[in-house]
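Structure below is run-v2.cif: mmCIF, C-alpha atoms.
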data_data
#
loop_
_atom_site.label_atom_id
_atom_site.label_comp_id
_atom_site.auth_asym_id
_atom_site.auth_seq_id
_atom_site.Cartn_x
_atom_site.Cartn_y
_atom_site.Cartn_z
CA MET A 213 27.36 -44.75 125.62
CA ASP A 214 28.50 -46.73 128.70
CA ARG A 215 32.03 -45.25 128.72
CA ILE A 216 30.76 -41.69 128.27
CA GLU A 217 28.17 -42.13 131.01
CA ASN A 218 30.78 -43.51 133.39
CA LEU A 219 33.02 -40.55 132.58
CA ILE A 220 30.24 -38.10 133.50
CA ARG A 221 29.50 -39.94 136.70
CA GLY A 222 33.17 -39.92 137.70
CA LEU A 223 33.29 -36.12 137.36
CA ASP A 224 30.17 -35.52 139.52
CA PRO A 225 31.35 -34.46 143.06
CA VAL A 226 28.18 -35.58 144.73
CA ARG A 227 28.37 -39.04 143.30
CA ALA A 228 32.07 -39.23 144.04
CA GLU A 229 31.43 -38.24 147.66
CA ARG A 230 28.83 -40.95 148.12
CA GLU A 231 30.99 -43.61 146.54
CA SER A 232 34.00 -42.76 148.77
CA ALA A 233 32.21 -42.83 152.16
CA ASP A 234 34.01 -45.95 153.38
CA SER A 235 37.43 -45.32 151.80
CA GLN A 236 40.58 -43.70 153.22
CA THR A 237 40.88 -39.99 152.58
CA GLU A 238 43.79 -37.72 152.00
CA ILE A 239 43.74 -33.98 152.38
CA ILE A 240 45.02 -32.20 149.29
CA THR A 241 46.21 -28.71 149.93
CA PHE A 242 46.51 -26.04 147.29
CA PRO A 243 49.16 -23.32 147.72
CA ALA A 244 47.88 -19.82 148.36
CA GLU A 245 49.25 -16.75 146.69
CA ASP A 246 50.81 -15.59 149.91
CA GLY A 247 52.72 -18.82 150.46
CA HIS A 248 50.32 -20.32 152.98
CA GLN A 249 48.48 -23.49 152.40
CA GLU A 250 44.72 -23.40 151.88
CA TYR A 251 42.29 -26.22 152.09
CA GLY A 252 39.77 -26.92 149.44
CA PRO A 253 36.28 -28.25 150.04
CA THR A 254 36.03 -31.88 151.05
CA MET A 255 34.84 -34.40 148.56
CA ASN A 256 33.58 -36.60 151.40
CA THR A 257 31.36 -35.78 154.49
CA GLU A 258 32.48 -36.57 158.04
CA SER A 259 30.65 -39.09 160.12
CA SER A 260 27.93 -37.86 162.52
CA ASP A 261 30.20 -38.39 165.61
CA SER A 262 33.00 -36.03 164.42
CA ASN A 263 34.18 -33.00 166.41
CA HIS A 264 32.02 -30.69 164.31
CA ALA A 265 28.92 -32.62 165.13
CA GLY A 266 29.64 -32.46 168.88
CA GLY A 267 30.18 -28.71 168.77
CA THR A 268 33.68 -28.99 170.40
CA SER A 269 36.73 -27.06 169.28
CA ASP A 270 40.32 -28.10 169.03
CA GLY A 271 41.47 -24.59 170.01
CA SER A 272 41.88 -23.35 166.37
CA ASP A 273 40.01 -20.29 165.23
CA ALA A 274 39.61 -21.84 161.78
CA GLY A 275 37.48 -24.63 163.13
CA ASP A 276 35.02 -22.20 164.81
CA ALA A 277 34.15 -20.11 161.75
CA PHE A 278 32.20 -21.14 158.61
CA SER A 279 34.40 -21.34 155.57
CA ASP A 280 34.23 -22.85 152.10
CA ASP A 281 37.99 -23.11 152.10
CA ARG A 282 38.05 -26.58 153.52
CA PRO A 283 40.63 -28.96 152.20
CA VAL A 284 39.54 -31.17 149.28
CA VAL A 285 39.27 -34.69 150.49
CA VAL A 286 39.70 -37.35 147.80
CA PRO A 287 39.62 -41.06 148.54
CA LEU A 288 42.90 -42.78 147.84
CA ARG A 289 41.37 -45.39 145.58
CA ARG A 290 39.50 -42.70 143.65
CA ARG A 291 42.46 -40.42 143.09
CA ARG A 292 44.10 -42.69 140.58
CA ARG A 293 40.77 -43.42 138.98
CA THR A 294 39.95 -39.75 138.74
CA ALA A 295 43.27 -38.99 137.14
CA VAL A 296 42.71 -41.77 134.62
CA ILE A 297 39.21 -40.55 133.86
CA LEU A 298 40.41 -36.97 133.41
CA ALA A 299 43.07 -38.14 131.03
CA GLY A 300 40.55 -40.24 129.11
CA ALA A 301 38.15 -37.29 128.95
CA ALA A 302 40.86 -35.06 127.58
CA ALA A 303 41.72 -37.65 124.94
CA ALA A 304 38.07 -38.05 124.01
CA ALA A 305 37.73 -34.29 123.63
CA VAL A 306 40.72 -34.20 121.32
CA VAL A 307 39.26 -37.00 119.18
CA ALA A 308 35.83 -35.34 119.09
CA GLY A 309 37.38 -32.07 118.02
CA ALA A 310 39.28 -33.80 115.28
CA VAL A 311 36.09 -35.46 114.06
CA VAL A 312 34.19 -32.16 114.04
CA VAL A 313 36.97 -30.33 112.26
CA GLY A 314 37.49 -33.15 109.81
CA GLY A 315 33.76 -33.42 109.12
CA SER A 316 33.41 -29.66 108.56
CA LEU A 317 36.33 -29.65 106.16
CA GLY A 318 34.86 -32.56 104.22
CA ALA A 319 38.06 -34.58 104.22
CA ASP A 320 37.79 -38.33 104.18
CA ALA A 321 39.95 -40.41 106.43
CA PRO A 322 42.59 -42.32 104.49
CA LEU A 323 41.95 -46.00 104.08
CA PRO A 324 44.40 -48.66 105.18
CA ALA A 325 46.60 -50.17 102.56
CA ALA A 326 45.17 -52.99 100.41
CA THR A 327 41.60 -51.81 101.00
CA THR A 328 39.09 -50.45 98.52
CA ASP A 329 36.74 -47.54 98.74
CA PRO A 330 33.50 -48.44 100.50
CA THR A 331 30.40 -48.53 98.37
CA PRO A 332 28.38 -45.36 99.05
CA SER A 333 25.09 -46.04 100.73
CA VAL A 334 21.87 -44.89 99.06
CA GLU A 335 19.74 -42.50 101.10
CA PRO A 336 16.28 -43.96 101.77
CA THR A 337 13.48 -42.28 99.84
CA GLY A 338 10.90 -42.68 102.53
CA GLU A 339 8.84 -45.10 100.49
CA ALA A 340 9.42 -48.78 100.53
CA THR A 341 10.55 -50.06 97.18
CA ALA A 342 9.09 -53.40 96.31
CA ASP A 343 11.51 -55.96 95.08
CA PRO A 344 11.08 -56.23 91.33
CA SER A 345 9.44 -59.45 90.35
CA PRO A 346 11.58 -61.49 87.99
CA SER A 347 10.45 -61.18 84.39
CA PRO A 348 9.68 -64.47 82.67
CA GLU A 349 12.32 -65.72 80.34
CA PRO A 350 11.24 -65.30 76.68
CA THR A 351 10.35 -68.55 75.04
CA ALA A 352 12.08 -69.04 71.73
CA GLU A 353 9.67 -69.83 68.92
CA PRO A 354 10.62 -72.89 66.94
CA SER A 355 11.85 -71.82 63.54
CA ALA A 356 10.34 -73.54 60.56
CA GLU A 357 12.65 -75.37 58.24
CA PRO A 358 13.20 -73.20 55.14
CA SER A 359 11.75 -74.69 52.00
CA GLY A 360 13.55 -74.70 48.72
CA VAL A 361 11.14 -72.13 47.26
CA PRO A 362 10.90 -68.66 48.89
CA THR A 363 7.24 -67.69 49.04
CA GLY A 364 4.60 -66.36 51.42
CA PRO A 365 3.04 -68.13 54.40
CA PRO A 366 4.16 -71.66 55.31
CA ALA A 367 0.97 -73.21 53.97
CA ASP A 368 -1.92 -72.14 51.69
CA GLU A 369 -5.32 -73.08 53.06
CA GLY A 370 -8.16 -74.19 50.82
CA CYS A 371 -8.31 -73.72 47.06
CA ARG A 372 -7.99 -70.05 46.15
CA VAL A 373 -6.61 -68.42 43.02
CA GLN A 374 -4.96 -65.63 45.04
CA ASP A 375 -2.75 -68.19 46.80
CA VAL A 376 -1.23 -69.53 43.57
CA ASP A 377 2.31 -68.49 42.57
CA ARG A 378 4.07 -69.00 39.26
CA VAL A 379 7.57 -70.50 39.32
CA VAL A 380 10.07 -68.45 37.36
CA GLU A 381 13.29 -70.29 36.53
CA GLN A 382 16.45 -68.18 36.93
CA GLY A 383 19.37 -70.40 36.11
CA SER A 384 19.90 -74.05 36.92
CA ASP A 385 20.03 -73.68 40.69
CA PHE A 386 17.74 -70.76 41.52
CA MET A 387 14.09 -69.93 41.06
CA SER A 388 11.75 -67.15 42.14
CA LEU A 389 7.99 -66.79 42.45
CA THR A 390 5.51 -64.29 41.13
CA PRO A 391 1.72 -64.24 41.67
CA PHE A 392 -0.04 -66.39 39.08
CA ALA A 393 -2.83 -63.86 38.50
CA ALA A 394 -2.42 -60.09 38.63
CA ASP A 395 -6.18 -59.95 39.22
CA PRO A 396 -7.42 -63.18 40.88
CA SER A 397 -11.04 -62.27 40.06
CA HIS A 398 -10.24 -62.96 36.38
CA TYR A 399 -9.87 -66.68 37.16
CA GLN A 400 -12.11 -69.27 38.75
CA VAL A 401 -11.47 -72.69 40.25
CA VAL A 402 -12.83 -75.55 38.13
CA GLY A 403 -11.88 -78.42 40.46
CA CYS A 404 -9.62 -79.06 43.43
CA THR A 405 -8.17 -81.94 45.46
CA ASP A 406 -5.67 -82.00 48.31
CA ASP A 407 -2.66 -81.64 45.98
CA TRP A 408 -4.02 -80.40 42.63
CA MET A 409 -6.17 -77.44 41.55
CA ALA A 410 -7.52 -76.63 38.05
CA MET A 411 -8.44 -73.05 37.09
CA GLU A 412 -9.78 -71.28 34.03
CA ILE A 413 -10.02 -67.67 32.92
CA THR A 414 -13.41 -65.98 33.26
CA ASP A 415 -15.19 -64.07 30.51
CA ALA A 416 -14.26 -60.80 32.23
CA GLY A 417 -10.66 -61.93 32.42
CA PHE A 418 -10.61 -62.79 28.73
CA GLU A 419 -12.15 -59.43 27.82
CA ALA A 420 -9.46 -57.69 29.86
CA ASN A 421 -6.71 -59.62 28.04
CA PRO A 422 -8.20 -61.30 24.96
CA GLN A 423 -4.99 -61.64 22.98
CA ASP A 424 -3.55 -64.37 25.19
CA GLY A 425 -6.06 -67.01 24.09
CA GLY A 426 -6.12 -68.11 27.71
CA ASN A 427 -9.65 -69.46 27.86
CA ALA A 428 -8.68 -72.42 25.72
CA TRP A 429 -6.78 -73.89 28.67
CA TYR A 430 -7.15 -75.27 32.14
CA TYR A 431 -4.34 -73.97 34.37
CA VAL A 432 -3.23 -76.59 36.86
CA ALA A 433 -1.47 -75.79 40.14
CA ARG A 434 0.19 -78.33 42.42
CA ARG A 435 0.66 -78.01 46.18
CA VAL A 436 4.40 -78.23 46.99
CA ASP A 437 5.44 -77.98 50.66
CA GLY A 438 2.06 -76.41 51.38
CA GLN A 439 2.32 -73.88 48.51
CA TRP A 440 0.14 -73.73 45.39
CA LEU A 441 2.54 -73.46 42.43
CA VAL A 442 2.11 -73.30 38.67
CA GLU A 443 5.29 -74.39 36.91
CA THR A 444 6.50 -73.06 33.59
CA ALA A 445 6.81 -76.57 32.20
CA GLY A 446 5.01 -79.85 32.73
CA HIS A 447 1.54 -79.83 34.23
CA SER A 448 0.80 -76.07 34.03
CA THR A 449 -1.83 -76.23 31.27
CA LEU A 450 -4.37 -78.66 29.80
CA THR A 451 -6.46 -78.12 26.68
CA LYS A 452 -10.10 -77.61 27.65
CA TRP A 453 -12.75 -80.07 26.60
CA GLU A 454 -14.15 -77.96 23.79
CA PHE A 455 -10.71 -77.37 22.28
CA LEU A 456 -9.36 -80.90 22.32
CA PRO A 457 -7.94 -82.01 18.96
CA VAL A 458 -10.03 -84.37 16.93
CA VAL A 459 -8.51 -87.79 16.53
CA ASP A 460 -10.44 -90.46 14.66
CA GLY A 461 -11.48 -93.36 16.82
CA ARG A 462 -10.84 -91.63 20.18
CA THR A 463 -13.33 -90.02 22.56
CA SER A 464 -12.90 -86.69 24.33
CA GLN A 465 -12.47 -88.54 27.63
CA GLU A 466 -9.64 -90.59 26.16
CA MET A 467 -7.99 -87.47 24.82
CA MET A 468 -8.24 -85.70 28.20
CA ASP A 469 -6.96 -88.76 30.04
CA GLN A 470 -3.95 -88.83 27.73
CA GLN A 471 -3.19 -85.23 28.67
CA PHE A 472 -3.25 -86.17 32.36
CA ILE A 473 -0.81 -89.01 31.69
CA ASP A 474 1.51 -86.82 29.62
CA VAL A 475 1.86 -84.12 32.29
CA GLY A 476 2.03 -86.51 35.25
CA ILE A 477 -1.34 -85.95 36.93
CA PRO A 478 -3.08 -89.08 38.25
CA VAL A 479 -5.79 -89.98 35.72
CA GLU A 480 -8.26 -90.91 38.48
CA LEU A 481 -8.37 -87.23 39.51
CA ARG A 482 -9.71 -86.12 36.13
CA PRO A 483 -13.44 -86.03 37.15
CA GLU A 484 -12.62 -83.98 40.26
CA LEU A 485 -10.41 -81.50 38.45
CA VAL A 486 -12.06 -80.92 35.05
CA GLY A 487 -15.28 -82.92 35.14
CA ASP A 488 -16.54 -85.75 32.95
CA GLY A 489 -16.44 -83.85 29.66
CA PRO A 490 -19.00 -84.28 26.85
CA SER A 491 -21.75 -86.68 27.76
CA GLY A 492 -21.49 -88.56 24.45
CA SER A 493 -19.05 -91.39 24.43
CA GLU A 494 -18.96 -91.65 20.66
CA PRO A 495 -15.89 -90.34 18.82
CA LEU A 496 -16.03 -87.18 16.73
CA GLN A 497 -16.88 -87.29 13.07
CA THR A 498 -15.25 -85.18 10.36
CA HIS A 499 -17.43 -83.59 7.66
CA PRO A 500 -15.67 -82.48 4.46
CA LEU A 501 -18.17 -80.34 2.50
CA THR A 502 -16.58 -79.56 -0.81
CA GLU A 503 -19.66 -77.68 -2.07
CA LEU A 504 -19.28 -75.23 0.82
CA GLY A 505 -15.50 -75.27 0.73
CA VAL A 506 -15.17 -76.17 4.44
CA VAL A 507 -14.24 -79.10 6.66
CA PHE A 508 -15.38 -79.41 10.29
CA ASP A 509 -15.98 -81.95 13.07
CA THR A 510 -19.05 -82.86 15.07
CA ARG A 511 -19.92 -85.51 17.58
CA SER A 512 -20.70 -88.75 15.84
CA ASP A 513 -24.26 -88.73 17.18
CA TRP A 514 -24.95 -85.36 15.56
CA GLU A 515 -26.19 -85.01 12.01
CA VAL A 516 -25.36 -82.58 9.22
CA VAL A 517 -28.46 -81.87 7.12
CA PRO A 518 -28.47 -79.89 3.86
CA ALA A 519 -30.46 -76.66 4.04
CA SER A 520 -31.56 -73.86 1.70
CA GLN A 521 -28.54 -71.92 2.86
CA GLY A 522 -25.59 -74.11 3.83
CA VAL A 523 -26.24 -77.01 6.24
CA ASP A 524 -28.12 -77.43 9.48
CA LEU A 525 -26.59 -79.08 12.54
CA VAL A 526 -28.91 -81.45 14.38
CA ASN A 527 -28.10 -82.84 17.83
CA ALA A 528 -28.61 -86.38 19.12
CA GLU A 529 -32.20 -85.58 20.10
CA GLY A 530 -33.01 -84.52 16.51
CA THR A 531 -33.20 -80.81 17.28
CA LYS A 532 -31.72 -78.24 14.94
CA VAL A 533 -29.20 -76.27 16.96
CA ALA A 534 -27.38 -74.18 14.33
CA ASN A 535 -26.79 -73.47 10.64
CA LEU A 536 -23.41 -73.31 8.88
CA GLN A 537 -22.86 -71.23 5.72
CA HIS A 538 -19.82 -70.28 3.69
CA SER A 539 -19.17 -68.26 0.56
CA SER A 540 -15.91 -67.20 -1.01
CA ALA A 541 -17.35 -63.73 -1.58
CA SER A 542 -16.97 -61.22 1.23
CA GLY A 543 -18.51 -57.94 2.23
CA LEU A 544 -21.64 -56.95 4.13
CA GLY A 545 -24.23 -54.31 3.32
CA GLY A 546 -27.55 -53.03 4.51
CA VAL A 547 -28.69 -50.91 7.43
CA CYS A 548 -31.72 -50.74 9.70
CA SER A 549 -33.81 -47.69 10.51
CA GLN A 550 -35.29 -48.65 13.87
CA ASP A 551 -34.17 -47.19 17.16
CA PRO A 552 -31.04 -48.83 18.58
CA VAL A 553 -31.47 -51.20 21.50
CA PRO A 554 -28.78 -52.12 24.08
CA TRP A 555 -27.14 -55.51 23.72
CA GLN A 556 -24.34 -57.40 25.43
CA GLU A 557 -22.17 -60.48 25.08
CA LEU A 558 -22.85 -63.09 27.77
CA ALA A 559 -20.27 -65.69 26.74
CA SER A 560 -17.19 -65.74 24.57
CA VAL A 561 -14.92 -68.63 23.56
CA PRO A 562 -11.76 -67.83 21.58
CA VAL A 563 -11.43 -69.96 18.47
CA SER A 564 -9.44 -69.93 15.25
CA VAL A 565 -10.41 -70.68 11.67
CA THR A 566 -7.84 -72.37 9.46
CA VAL A 567 -7.70 -70.83 5.99
CA PRO A 568 -6.05 -72.02 2.77
CA GLY A 569 -2.33 -72.20 3.18
CA GLY A 570 -2.60 -73.32 6.81
CA ALA A 571 -2.82 -69.87 8.44
CA GLU A 572 -5.28 -69.35 11.27
CA VAL A 573 -7.63 -66.42 11.68
CA ALA A 574 -8.51 -65.41 15.23
CA ALA A 575 -12.20 -65.44 16.01
CA ARG A 576 -14.55 -66.10 18.88
CA PHE A 577 -17.79 -67.97 19.44
CA THR A 578 -20.24 -65.87 21.44
CA LEU A 579 -23.75 -65.54 22.79
CA ARG A 580 -25.08 -62.01 22.16
CA VAL A 581 -28.36 -60.84 23.71
CA PHE A 582 -30.63 -57.89 22.97
CA GLU A 583 -32.52 -56.37 25.87
CA GLY A 584 -36.30 -56.72 25.72
CA ASP A 585 -39.19 -58.90 26.75
CA PRO A 586 -38.45 -61.57 25.88
CA LEU A 587 -34.67 -61.41 25.46
CA LEU A 588 -33.57 -62.28 21.92
CA ALA A 589 -30.19 -63.95 21.52
CA ALA A 590 -28.08 -65.98 19.11
CA PRO A 591 -24.91 -68.07 19.34
CA SER A 592 -22.55 -66.87 16.62
CA LEU A 593 -19.06 -67.12 15.13
CA ILE A 594 -17.65 -63.60 14.78
CA ALA A 595 -14.29 -61.93 14.24
CA ALA A 596 -12.08 -61.48 17.30
CA ASP A 597 -12.05 -57.69 16.98
CA GLN A 598 -15.82 -57.24 17.20
CA PRO A 599 -17.23 -55.25 20.16
CA SER A 600 -18.74 -57.09 23.11
CA SER A 601 -21.59 -54.68 23.86
CA GLY A 602 -23.34 -51.62 22.49
CA GLU A 603 -26.60 -50.38 21.00
CA SER A 604 -27.96 -51.35 17.59
CA CYS A 605 -31.07 -52.28 15.70
CA MET A 606 -29.34 -55.27 14.06
CA LEU A 607 -26.23 -57.46 14.42
CA TYR A 608 -24.52 -59.57 11.74
CA ASN A 609 -23.57 -63.03 13.03
CA VAL A 610 -20.83 -63.71 10.50
CA ILE A 611 -17.11 -63.45 9.75
CA SER A 612 -16.28 -61.53 6.58
CA GLY A 613 -12.78 -61.19 5.14
CA PRO A 614 -10.61 -61.91 2.12
CA GLU A 615 -9.12 -65.04 3.70
CA THR A 616 -12.29 -66.52 5.14
CA GLY A 617 -14.92 -65.17 2.77
CA LEU A 618 -18.37 -65.08 4.39
CA LEU A 619 -18.49 -67.71 7.14
CA ALA A 620 -21.40 -68.10 9.54
CA LEU A 621 -22.15 -70.62 12.31
CA THR A 622 -25.29 -69.42 14.11
CA THR A 623 -29.02 -69.82 14.52
CA THR A 624 -29.78 -66.65 12.53
CA PHE A 625 -27.62 -64.73 10.03
CA THR A 626 -28.83 -61.39 11.40
CA LEU A 627 -30.07 -60.71 14.94
CA SER A 628 -32.59 -57.92 15.50
CA PRO A 629 -34.62 -56.96 18.59
CA TYR A 630 -37.55 -56.25 16.26
CA GLU A 631 -37.66 -59.63 14.48
CA ARG A 632 -37.68 -62.95 16.19
CA GLY A 633 -36.77 -65.04 13.13
CA SER A 634 -34.57 -67.96 14.27
CA ALA A 635 -33.26 -66.17 17.37
CA LEU A 636 -33.34 -67.84 20.77
CA GLU A 637 -35.80 -66.46 23.34
CA PHE A 638 -35.10 -66.19 27.05
CA ASN A 639 -37.39 -64.93 29.79
CA SER A 640 -34.49 -63.71 31.94
CA MET A 641 -30.79 -63.05 31.81
CA ALA A 642 -30.30 -66.05 34.10
CA GLU A 643 -31.85 -68.34 31.47
CA ALA A 644 -29.50 -66.92 28.85
CA GLU A 645 -26.48 -67.47 31.11
CA ALA A 646 -27.56 -71.07 31.72
CA TYR A 647 -27.61 -71.71 27.99
CA ALA A 648 -24.13 -70.19 27.64
CA ALA A 649 -22.89 -72.78 30.16
CA SER A 650 -24.67 -75.70 28.50
CA GLU A 651 -23.18 -78.68 26.69
CA GLU A 652 -24.88 -77.60 23.48
CA PHE A 653 -23.15 -74.23 23.44
CA ALA A 654 -19.79 -75.91 24.20
CA GLN A 655 -20.25 -78.33 21.30
CA LEU A 656 -21.01 -75.48 18.90
CA ALA A 657 -17.88 -73.67 20.05
CA ALA A 658 -15.84 -76.86 19.43
CA ILE A 659 -17.28 -77.13 15.92
CA ALA A 660 -16.36 -73.49 15.24
CA ASP A 661 -12.79 -74.11 16.32
CA SER A 662 -12.53 -77.16 14.02
CA ILE A 663 -13.52 -75.35 10.82
CA THR A 664 -11.02 -75.30 7.99
CA VAL A 665 -11.74 -73.23 4.88
CA THR A 666 -10.63 -75.15 1.80
CA ASP A 667 -11.88 -72.83 -0.96
#

What's the structure tokens form of this structure?
Amino acid sequence: MDRIENLIRGLDPVRAERESADSQTEIITFPAEDGHQEYGPTMNTESSDSNHAGGTSDGSDAGDAFSDDRPVVVPLRRRRRTAVILAGAAAAAVVAGAVVVGGSLGADAPLPAATTDPTPSVEPTGEATADPSPSPEPTAEPSAEPSGVPTGPPADEGCRVQDVDRVVEQGSDFMSLTPFAADPSHYQVVGCTDDWMAMEITDAGFEANPQDGGNAWYYVARRVDGQWLVETAGHSTLTKWEFLPVVDGRTSQEMMDQQFIDVGIPVELRPELVGDGPSGSEPLQTHPLTELGVVFDTRSDWEVVPASQGVDLVNAEGTKVANLQHSSASGLGGVCSQDPVPWQELASVPVSVTVPGGAEVAARFTLRVFEGDPLLAAPSLIAADQPSSGESCMLYNVISGPETGLLALTTTFTLSPYERGSALEFNSMAEAEAYAASEEFAQLAAIADSITVTD
């Protein structure tokens, strides 16, 4: 702006006149059209003591009359300056015109060689844009080392059936896993430590899949790299207490301990995993009864007493707990005329009866209960295909078939809600369930599973 302002000031006659008051002047004459010289107006005022101020005349008519045609007086030092300024103004006008024309045409000025296009500036939006705060760098989670077995979460917590997987071998160098139980509610935990867990099938689970004979076993899982696994070989199963084989001179505890040794489970964990087993420490005793055509085992502190029908089984306390009968004849007859009463099976243990020739017949040892007050029930050996609930006025507690003949191990041959006879009485279903979980019931189931029919 300083150069433009100076240019404007240089072109102002009044300012030029004041600035040239003390400088030499030169009269510039402009030629008239008729060939005579005319004088333009002065650019500088005369001093107060000039001839015009004194009112005198130099004898010329031109000096006596008022005229605007006075010669233009320009200071000598300003003449060159004025010429320079006029030239500069003309050049500035040319440049300004070029800028206006160029701007209206939208043409960009060419850039010098070896230069790049300038980055276009962004028009302000009117609102201040806050500088974006730097986002925190994501923290990489440490990756867990992959285990040799692909399975669910990195560690199973607690002792739960639903966490157990079964190892399925697929070649020598690959294995896969599948859930151990399709329905975990069909199994229950018997015992558990930090690295071992024993499970067994429930009554409901056995009813849902009775053909597998699964409730004769404890299923043992081992924690491997935090995972509960049941392997296809080795420590996956143990024979339950009531189904242990009978070996003369050895107790049930010794037999169970041997299983732990064979499959590689520390023997000291046996009480925590499967309990102490039968309370009696005496070995089992085998009873060959040729007159009945059967052979079976009992605890050595139990007695076998002849009865009017078969033999009675008496426990260590001297109490009769069951009666065993056998006949080579088979077939059942007789009906009842009373109204049917609902009944149900509270416990069921799969067993097998060995028949002549060495074949085994599937059966089960149960506790069946009739509704009523009191509840009437009986432990009984029955065929595996018998129903587990229904309505009736009488139940036969016996196996009948051409291979087994008539074979009964029970407290009463027939169970009726209308006759107490030798049935067991319970005041509540809870009392009946407690008996089904007792040592006495387990011993009777073990005896049933040891029976061999010889004739």

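Using all atoms listed in the file, the shortest contact distance between Leu481 in chain A and any of A:Glu454, A:Asp551, A:Asp406, A:Asp460 is found at A:Asp406.
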
Where does the PyMOL selection byres ((chain A and resi 474-476) around 10) land in this file, that is, which residues does it pick, as a list in words?
Ala445, Gly446, His447, Ser448, Thr449, Leu450, Met468, Asp469, Gln470, Gln471, Phe472, Ile473, Ile477, Pro478 and Val479 of chain A

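When CA of Val573 in chain A is paired with CA of Ile663 in chain A, their separation reads 10.7 Å.
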
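When all atoms listed in the file are used to measure the gap to Ala620 in chain A, the shortest distance among A:Gly569, A:Pro586, A:Pro591, A:Pro562 belongs to A:Pro591.
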
Going by the chain IDs and residue numbers used in this file, which residues fall under the PyMOL selection byres ((chain A and resi 545-548) around 9)? Write them as a compact mmCIF listing (two decimals) with C-alpha atoms, in the frame of the given file.
# COMPACT_ATOMS: atom_id res chain seq x y z
CA GLY A 543 -18.51 -57.94 2.23
CA LEU A 544 -21.64 -56.95 4.13
CA SER A 549 -33.81 -47.69 10.51
CA GLN A 550 -35.29 -48.65 13.87
CA ASP A 551 -34.17 -47.19 17.16
CA SER A 604 -27.96 -51.35 17.59
CA CYS A 605 -31.07 -52.28 15.70
CA MET A 606 -29.34 -55.27 14.06

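The result of the PyMOL selection byres ((chain A and resi 516-523) around 10) on the shown file is His499, Leu501, Glu503, Leu504, Thr510, Trp514, Glu515, Asp524, Leu525, Val526, Asn527, Lys532, Ala534, Asn535, Leu536, Gln537, His538, Ser539, Ala620 and Leu621 of chain A.
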
Can you spit out the residues from that selection as a compact mmCIF listing (two decimals), in the frame of the given file, using C-alpha atoms?
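File again23.txt, as written:
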# COMPACT_ATOMS: atom_id res chain seq x y z
CA HIS A 499 -17.43 -83.59 7.66
CA LEU A 501 -18.17 -80.34 2.50
CA GLU A 503 -19.66 -77.68 -2.07
CA LEU A 504 -19.28 -75.23 0.82
CA THR A 510 -19.05 -82.86 15.07
CA TRP A 514 -24.95 -85.36 15.56
CA GLU A 515 -26.19 -85.01 12.01
CA ASP A 524 -28.12 -77.43 9.48
CA LEU A 525 -26.59 -79.08 12.54
CA VAL A 526 -28.91 -81.45 14.38
CA ASN A 527 -28.10 -82.84 17.83
CA LYS A 532 -31.72 -78.24 14.94
CA ALA A 534 -27.38 -74.18 14.33
CA ASN A 535 -26.79 -73.47 10.64
CA LEU A 536 -23.41 -73.31 8.88
CA GLN A 537 -22.86 -71.23 5.72
CA HIS A 538 -19.82 -70.28 3.69
CA SER A 539 -19.17 -68.26 0.56
CA ALA A 620 -21.40 -68.10 9.54
CA LEU A 621 -22.15 -70.62 12.31

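Going from CA of Val533 in chain A to CA of Thr578 in chain A covers 14.4 Å.
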
Determine, using only C-alpha atoms, which residues of range 445-507 of chain A have any atom at most 12 Å from an atom of range 636-656 of chain A, and tabulate each with its shortest atom pair and distance in Å to one decimal place, rows ordered by chain and then rising number, as CSV.
residue,atom,partner,partner_atom,distance
A:Lys452,CA,A:Ala654,CA,10.4
A:Trp453,CA,A:Ala654,CA,8.5
A:Glu454,CA,A:Ala654,CA,6.0
A:Phe455,CA,A:Ala654,CA,9.4
A:Leu456,CA,A:Gln655,CA,11.2
A:Ser464,CA,A:Gln655,CA,11.5
A:Asp488,CA,A:Glu651,CA,11.5
A:Gly489,CA,A:Glu651,CA,9.0
A:Pro490,CA,A:Glu651,CA,7.0
A:Ser491,CA,A:Glu651,CA,8.2
A:Gly492,CA,A:Glu651,CA,10.3
A:Leu496,CA,A:Gln655,CA,10.8

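Residue nearest Ser388 in chain A within the list A:Val373, A:Ala428, A:Val567, A:Val442: A:Val442 [criterion: smallest interatomic distance, all atoms listed in the file].
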
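Interatomic distance, CA of Gly438 in chain A to CA of Tyr399 in chain A: 21.0 Å.
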
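Using all atoms listed in the file, the set of residues no farther than 9 Å from the position (-5.9, -67.2, -4.3) comprises Pro568, Glu615 and Asp667 of chain A.
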
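For Leu485 in chain A, the residues within 7 Å (counting all atoms listed in the file, excluding itself and residues fewer than 6 positions away along the chain) are Val402, Gly403, Cys404, Met409 and Ala410 of chain A.
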
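When all atoms listed in the file are used to measure the gap to Phe577 in chain A, the shortest distance among A:Ser628, A:Trp408, A:Glu466, A:Ile611 belongs to A:Ile611.
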
Would you place a box with edges along x, y and z of the file around all atoms of range 552-560 of chain A listed there, add 4 Å to each of its six sides, and report the centre and edge lengths in Å to one decimal, as lines of an AutoDock Vina configuration file?
center_x = -24.3
center_y = -57.3
center_z = 23.2
size_x = 22.3
size_y = 24.9
size_z = 17.2

How would you write as a PyMOL selection string the residues that get within 7 Å of (-13.2, -75.6, 10.6) in the file's frame, counting only C-alpha atoms?
chain A and resi 506-508+565-566+659-665

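When only C-alpha atoms are used to compute distances to Gly570 in chain A, the closest of the residues A:Leu587, A:Thr616, A:Glu631, A:Phe582 turns out to be A:Thr616.
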
What's around Asn421 in chain A at 12 Å? Count all atoms listed in the file, leave out sequence neighbours fewer than 3 positions away in its own chain, and write the answer as a list in words.
Ala393, Ala394, Asp395, His398, Tyr399, Ile413, Thr414, Asp415, Ala416, Gly417, Phe418, Asp424, Gly425, Gly426, Asn427 and Pro562 of chain A
